[in-house]
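Shown next: final_16.cif, given as mmCIF, C-alpha atoms.
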data_query
loop_
_atom_site.group_PDB
_atom_site.id
_atom_site.type_symbol
_atom_site.label_atom_id
_atom_site.label_comp_id
_atom_site.auth_asym_id
_atom_site.auth_seq_id
_atom_site.Cartn_x
_atom_site.Cartn_y
_atom_site.Cartn_z
ATOM 1 C CA MET M 19 -8.829 -103.254 66.463
ATOM 2 C CA SER M 20 -11.575 -102.420 68.910
ATOM 3 C CA ALA M 21 -11.080 -102.663 72.656
ATOM 4 C CA LEU M 22 -13.708 -105.405 72.820
ATOM 5 C CA LEU M 23 -12.068 -107.512 70.128
ATOM 6 C CA GLY M 24 -8.694 -107.134 71.832
ATOM 7 C CA ALA M 25 -10.158 -108.106 75.195
ATOM 8 C CA VAL M 26 -11.922 -111.168 73.766
ATOM 9 C CA ARG M 27 -8.681 -112.228 72.042
ATOM 10 C CA ALA M 28 -6.767 -111.866 75.301
ATOM 11 C CA LEU M 29 -9.397 -113.933 77.121
ATOM 12 C CA ARG M 30 -9.301 -116.659 74.456
ATOM 13 C CA SER M 31 -5.510 -116.730 74.540
ATOM 14 C CA ALA M 32 -5.422 -117.034 78.329
ATOM 15 C CA THR M 33 -8.096 -119.745 78.219
ATOM 16 C CA GLU M 34 -6.150 -121.763 75.645
ATOM 17 C CA ALA M 35 -2.960 -121.373 77.681
ATOM 18 C CA GLN M 36 -4.776 -122.507 80.826
ATOM 19 C CA LEU M 37 -6.129 -125.530 78.964
ATOM 20 C CA ALA M 38 -2.607 -126.476 77.852
ATOM 21 C CA ALA M 39 -1.349 -126.093 81.428
ATOM 22 C CA ALA M 40 -4.222 -128.190 82.793
ATOM 23 C CA LEU M 41 -3.647 -130.971 80.279
ATOM 24 C CA THR M 42 -0.011 -131.224 81.364
ATOM 25 C CA LEU M 43 -0.919 -130.947 85.075
ATOM 26 C CA ARG M 44 1.067 -127.753 85.669
ATOM 27 C CA GLY M 45 -0.897 -126.552 88.690
ATOM 28 C CA ALA M 46 1.056 -123.355 89.340
ATOM 29 C CA ASP M 47 0.578 -122.291 85.716
ATOM 30 C CA VAL M 48 -3.140 -123.119 85.876
ATOM 31 C CA ALA M 49 -3.497 -120.912 88.960
ATOM 32 C CA ALA M 50 -1.549 -118.020 87.420
ATOM 33 C CA LEU M 51 -3.508 -118.266 84.186
ATOM 34 C CA HIS M 52 -6.766 -118.293 86.131
ATOM 35 C CA ALA M 53 -5.839 -114.860 87.468
ATOM 36 C CA GLU M 54 -4.960 -113.742 83.929
ATOM 37 C CA ARG M 55 -8.317 -115.017 82.638
ATOM 38 C CA THR M 56 -10.119 -113.181 85.436
ATOM 39 C CA ASP M 57 -8.416 -109.938 84.445
ATOM 40 C CA ALA M 58 -9.200 -110.517 80.768
ATOM 41 C CA LEU M 59 -12.847 -111.225 81.561
ATOM 42 C CA PHE M 60 -13.019 -107.972 83.499
ATOM 43 C CA ALA M 61 -11.554 -106.172 80.455
ATOM 44 C CA VAL M 62 -14.269 -107.716 78.265
ATOM 45 C CA ARG M 63 -16.956 -106.498 80.666
ATOM 46 C CA VAL M 64 -15.485 -102.986 80.702
ATOM 47 C CA ALA M 65 -15.258 -102.914 76.899
ATOM 48 C CA LEU M 66 -18.865 -104.063 76.601
ATOM 49 C CA ALA M 67 -19.994 -101.315 78.963
ATOM 50 C CA GLU M 68 -17.979 -98.569 77.288
ATOM 51 C CA GLU M 69 -18.698 -99.035 73.635
ATOM 52 C CA ALA M 70 -21.558 -99.958 71.391
ATOM 53 C CA GLU M 71 -19.690 -102.626 69.462
ATOM 54 C CA GLU M 72 -20.881 -103.708 66.067
ATOM 55 C CA LYS M 73 -20.894 -107.479 65.770
ATOM 56 C CA THR M 74 -18.307 -107.927 63.058
ATOM 57 C CA SER M 75 -17.512 -111.325 61.609
ATOM 58 C CA GLU M 76 -14.044 -111.054 63.162
ATOM 59 C CA LEU M 77 -15.524 -110.500 66.627
ATOM 60 C CA LEU M 78 -18.066 -113.305 66.201
ATOM 61 C CA ASP M 79 -15.314 -115.703 65.080
ATOM 62 C CA GLU M 80 -13.245 -114.778 68.121
ATOM 63 C CA VAL M 81 -16.224 -115.308 70.441
ATOM 64 C CA ARG M 82 -16.869 -118.725 68.868
ATOM 65 C CA SER M 83 -13.218 -119.692 69.352
ATOM 66 C CA LEU M 84 -13.426 -118.522 72.961
ATOM 67 C CA ALA M 85 -16.547 -120.635 73.538
ATOM 68 C CA VAL M 86 -14.779 -123.722 72.157
ATOM 69 C CA ALA M 87 -11.741 -123.100 74.369
ATOM 70 C CA GLU M 88 -13.976 -122.589 77.432
ATOM 71 C CA ARG M 89 -15.840 -125.855 76.767
ATOM 72 C CA ARG M 90 -12.556 -127.747 76.316
ATOM 73 C CA LEU M 91 -11.148 -126.271 79.541
ATOM 74 C CA ALA M 92 -14.286 -127.232 81.471
ATOM 75 C CA ALA M 93 -14.196 -130.771 80.064
ATOM 76 C CA ALA M 94 -10.510 -131.134 80.927
ATOM 77 C CA ALA M 95 -11.118 -129.891 84.469
ATOM 78 C CA ARG M 96 -13.970 -132.375 84.971
ATOM 79 C CA THR M 97 -11.814 -135.215 83.662
ATOM 80 C CA ILE M 98 -8.834 -134.308 85.836
ATOM 81 C CA VAL M 99 -10.973 -133.996 88.961
ATOM 82 C CA SER M 100 -12.671 -137.319 88.177
ATOM 83 C CA VAL M 101 -9.334 -139.100 87.741
ATOM 84 C CA LEU M 102 -7.886 -137.587 90.913
ATOM 85 C CA ASP M 103 -11.001 -138.506 92.884
ATOM 86 C CA GLY M 104 -10.832 -142.025 91.462
ATOM 87 C CA ILE M 105 -7.336 -142.558 92.823
ATOM 88 C CA GLY M 106 -8.110 -140.875 96.120
ATOM 89 C CA ILE M 107 -6.307 -137.598 95.531
ATOM 90 C CA GLY M 108 -8.324 -134.533 96.278
ATOM 91 C CA SER M 109 -10.840 -136.257 98.509
ATOM 92 C CA PRO M 110 -10.465 -135.139 102.103
ATOM 93 C CA ALA M 111 -9.921 -137.822 104.719
ATOM 94 C CA VAL M 112 -13.110 -137.693 106.756
ATOM 95 C CA TYR M 113 -14.850 -140.189 108.966
ATOM 96 C CA GLY M 114 -18.017 -141.627 107.500
ATOM 97 C CA PRO M 115 -21.087 -143.022 109.256
ATOM 98 C CA GLY M 116 -19.370 -146.397 109.773
ATOM 99 C CA GLY M 117 -16.504 -144.798 111.706
ATOM 100 C CA ARG M 118 -14.013 -145.360 108.908
ATOM 101 C CA VAL M 119 -11.971 -142.784 107.077
ATOM 102 C CA GLY M 120 -13.629 -142.084 103.737
ATOM 103 C CA GLY M 121 -16.927 -143.725 104.643
#

Could I get this file's structure written as structure tokens?
Amino acid sequence: MSALLGAVRALRSATEAQLAAALTLRGADVAALHAERTDALFAVRVALAEEAEEKTSELLDEVRSLAVAERRLAAAARTIVSVLDGIGIGSPAVYGPGGRVGG
């Protein structure tokens, strides 16, 4: 297995794990997996810089799976933030123009 393929697999795996953690609202796991994804993304960048990788079907399939996982993670994050904002969690208590907290 090439270094690039291994790095993309690691990134996809970390992304899928972070998605699972986000969907079950395990914040500490989401944060830890974010660091793991950052490291895996760095490994992908290094592998891209170091080798002229042929685009094999295996690599393309892995990249497609990664793209799906990334889109699902982004959608889950938007949904979670929207729900938390809707119930007033995550919005800072600030004074609005009318002199009231929250506007």

Could you check the closest approach to Arg90 in chain M for each of M:Ala49, M:Met19, M:Ala28, M:Ala40 and tell me which residue wins, using all atoms listed in the file?
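Looking only at the distances to Arg90 in chain M, the closest residue turns out to be M:Ala40.
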
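If you count all atoms listed in the file and draw a sphere of 12 Å around (-11.7, -103.1, 70.9), the protein and nucleic acid residues inside it come out as Met19, Ser20, Ala21, Leu22, Leu23, Gly24, Ala25, Val26, Arg27, Ala28, Ala61, Val62, Arg63, Val64, Ala65, Leu66, Ala67, Glu68, Glu69, Ala70, Glu71, Glu72, Lys73, Thr74, Glu76 and Leu77 of chain M.
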
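Computed from the coordinates, the CA of Asp79 in chain M to CA of Arg30 in chain M distance equals 11.2 Å.
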
Could you tell me which of M:Ala87, M:Val99, M:Leu59, M:Ile105 comes closest to Ala35 in chain M if we count all atoms listed in the file?
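Using all atoms listed in the file, the shortest distance to Ala35 in chain M belongs to M:Ala87.
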
Rounded to one decimal place, report the CA of Ala38 in chain M-CA of Val101 in chain M distance in Å.
17.4 Å

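The interatomic distance for the pair CA of Ala85 in chain M and CA of Arg44 in chain M works out to 22.5 Å.
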
Evaluate the PyMOL selection byres ((chain M and resi 41) around 12) against this structure - the residues, as a PDB file with C-alpha atoms, keeping the file's coordinate frame, please.
ATOM      1  CA  GLU M  34      -6.150-121.763  75.645  1.00  0.00           C
ATOM      2  CA  ALA M  35      -2.960-121.373  77.681  1.00  0.00           C
ATOM      3  CA  GLN M  36      -4.776-122.507  80.826  1.00  0.00           C
ATOM      4  CA  LEU M  37      -6.129-125.530  78.964  1.00  0.00           C
ATOM      5  CA  ALA M  38      -2.607-126.476  77.852  1.00  0.00           C
ATOM      6  CA  ALA M  39      -1.349-126.093  81.428  1.00  0.00           C
ATOM      7  CA  ALA M  40      -4.222-128.190  82.793  1.00  0.00           C
ATOM      8  CA  THR M  42      -0.011-131.224  81.364  1.00  0.00           C
ATOM      9  CA  LEU M  43      -0.919-130.947  85.075  1.00  0.00           C
ATOM     10  CA  ARG M  44       1.067-127.753  85.669  1.00  0.00           C
ATOM     11  CA  GLY M  45      -0.897-126.552  88.690  1.00  0.00           C
ATOM     12  CA  ASP M  47       0.578-122.291  85.716  1.00  0.00           C
ATOM     13  CA  VAL M  48      -3.140-123.119  85.876  1.00  0.00           C
ATOM     14  CA  ARG M  90     -12.556-127.747  76.316  1.00  0.00           C
ATOM     15  CA  LEU M  91     -11.148-126.271  79.541  1.00  0.00           C
ATOM     16  CA  ALA M  92     -14.286-127.232  81.471  1.00  0.00           C
ATOM     17  CA  ALA M  93     -14.196-130.771  80.064  1.00  0.00           C
ATOM     18  CA  ALA M  94     -10.510-131.134  80.927  1.00  0.00           C
ATOM     19  CA  ALA M  95     -11.118-129.891  84.469  1.00  0.00           C
ATOM     20  CA  ARG M  96     -13.970-132.375  84.971  1.00  0.00           C
ATOM     21  CA  THR M  97     -11.814-135.215  83.662  1.00  0.00           C
ATOM     22  CA  ILE M  98      -8.834-134.308  85.836  1.00  0.00           C
ATOM     23  CA  VAL M  99     -10.973-133.996  88.961  1.00  0.00           C
TER      24      VAL M  99
END

Rank M:Ala46, M:Ala53, M:Ser83, M:Ala58 by their smallest atom-to-atom distance to Leu29 in chain M, using all atoms listed in the file, and report the top residue only.
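Of M:Ala46, M:Ala53, M:Ser83, M:Ala58, the one nearest Leu29 in chain M, counting all atoms listed in the file, is M:Ala58.
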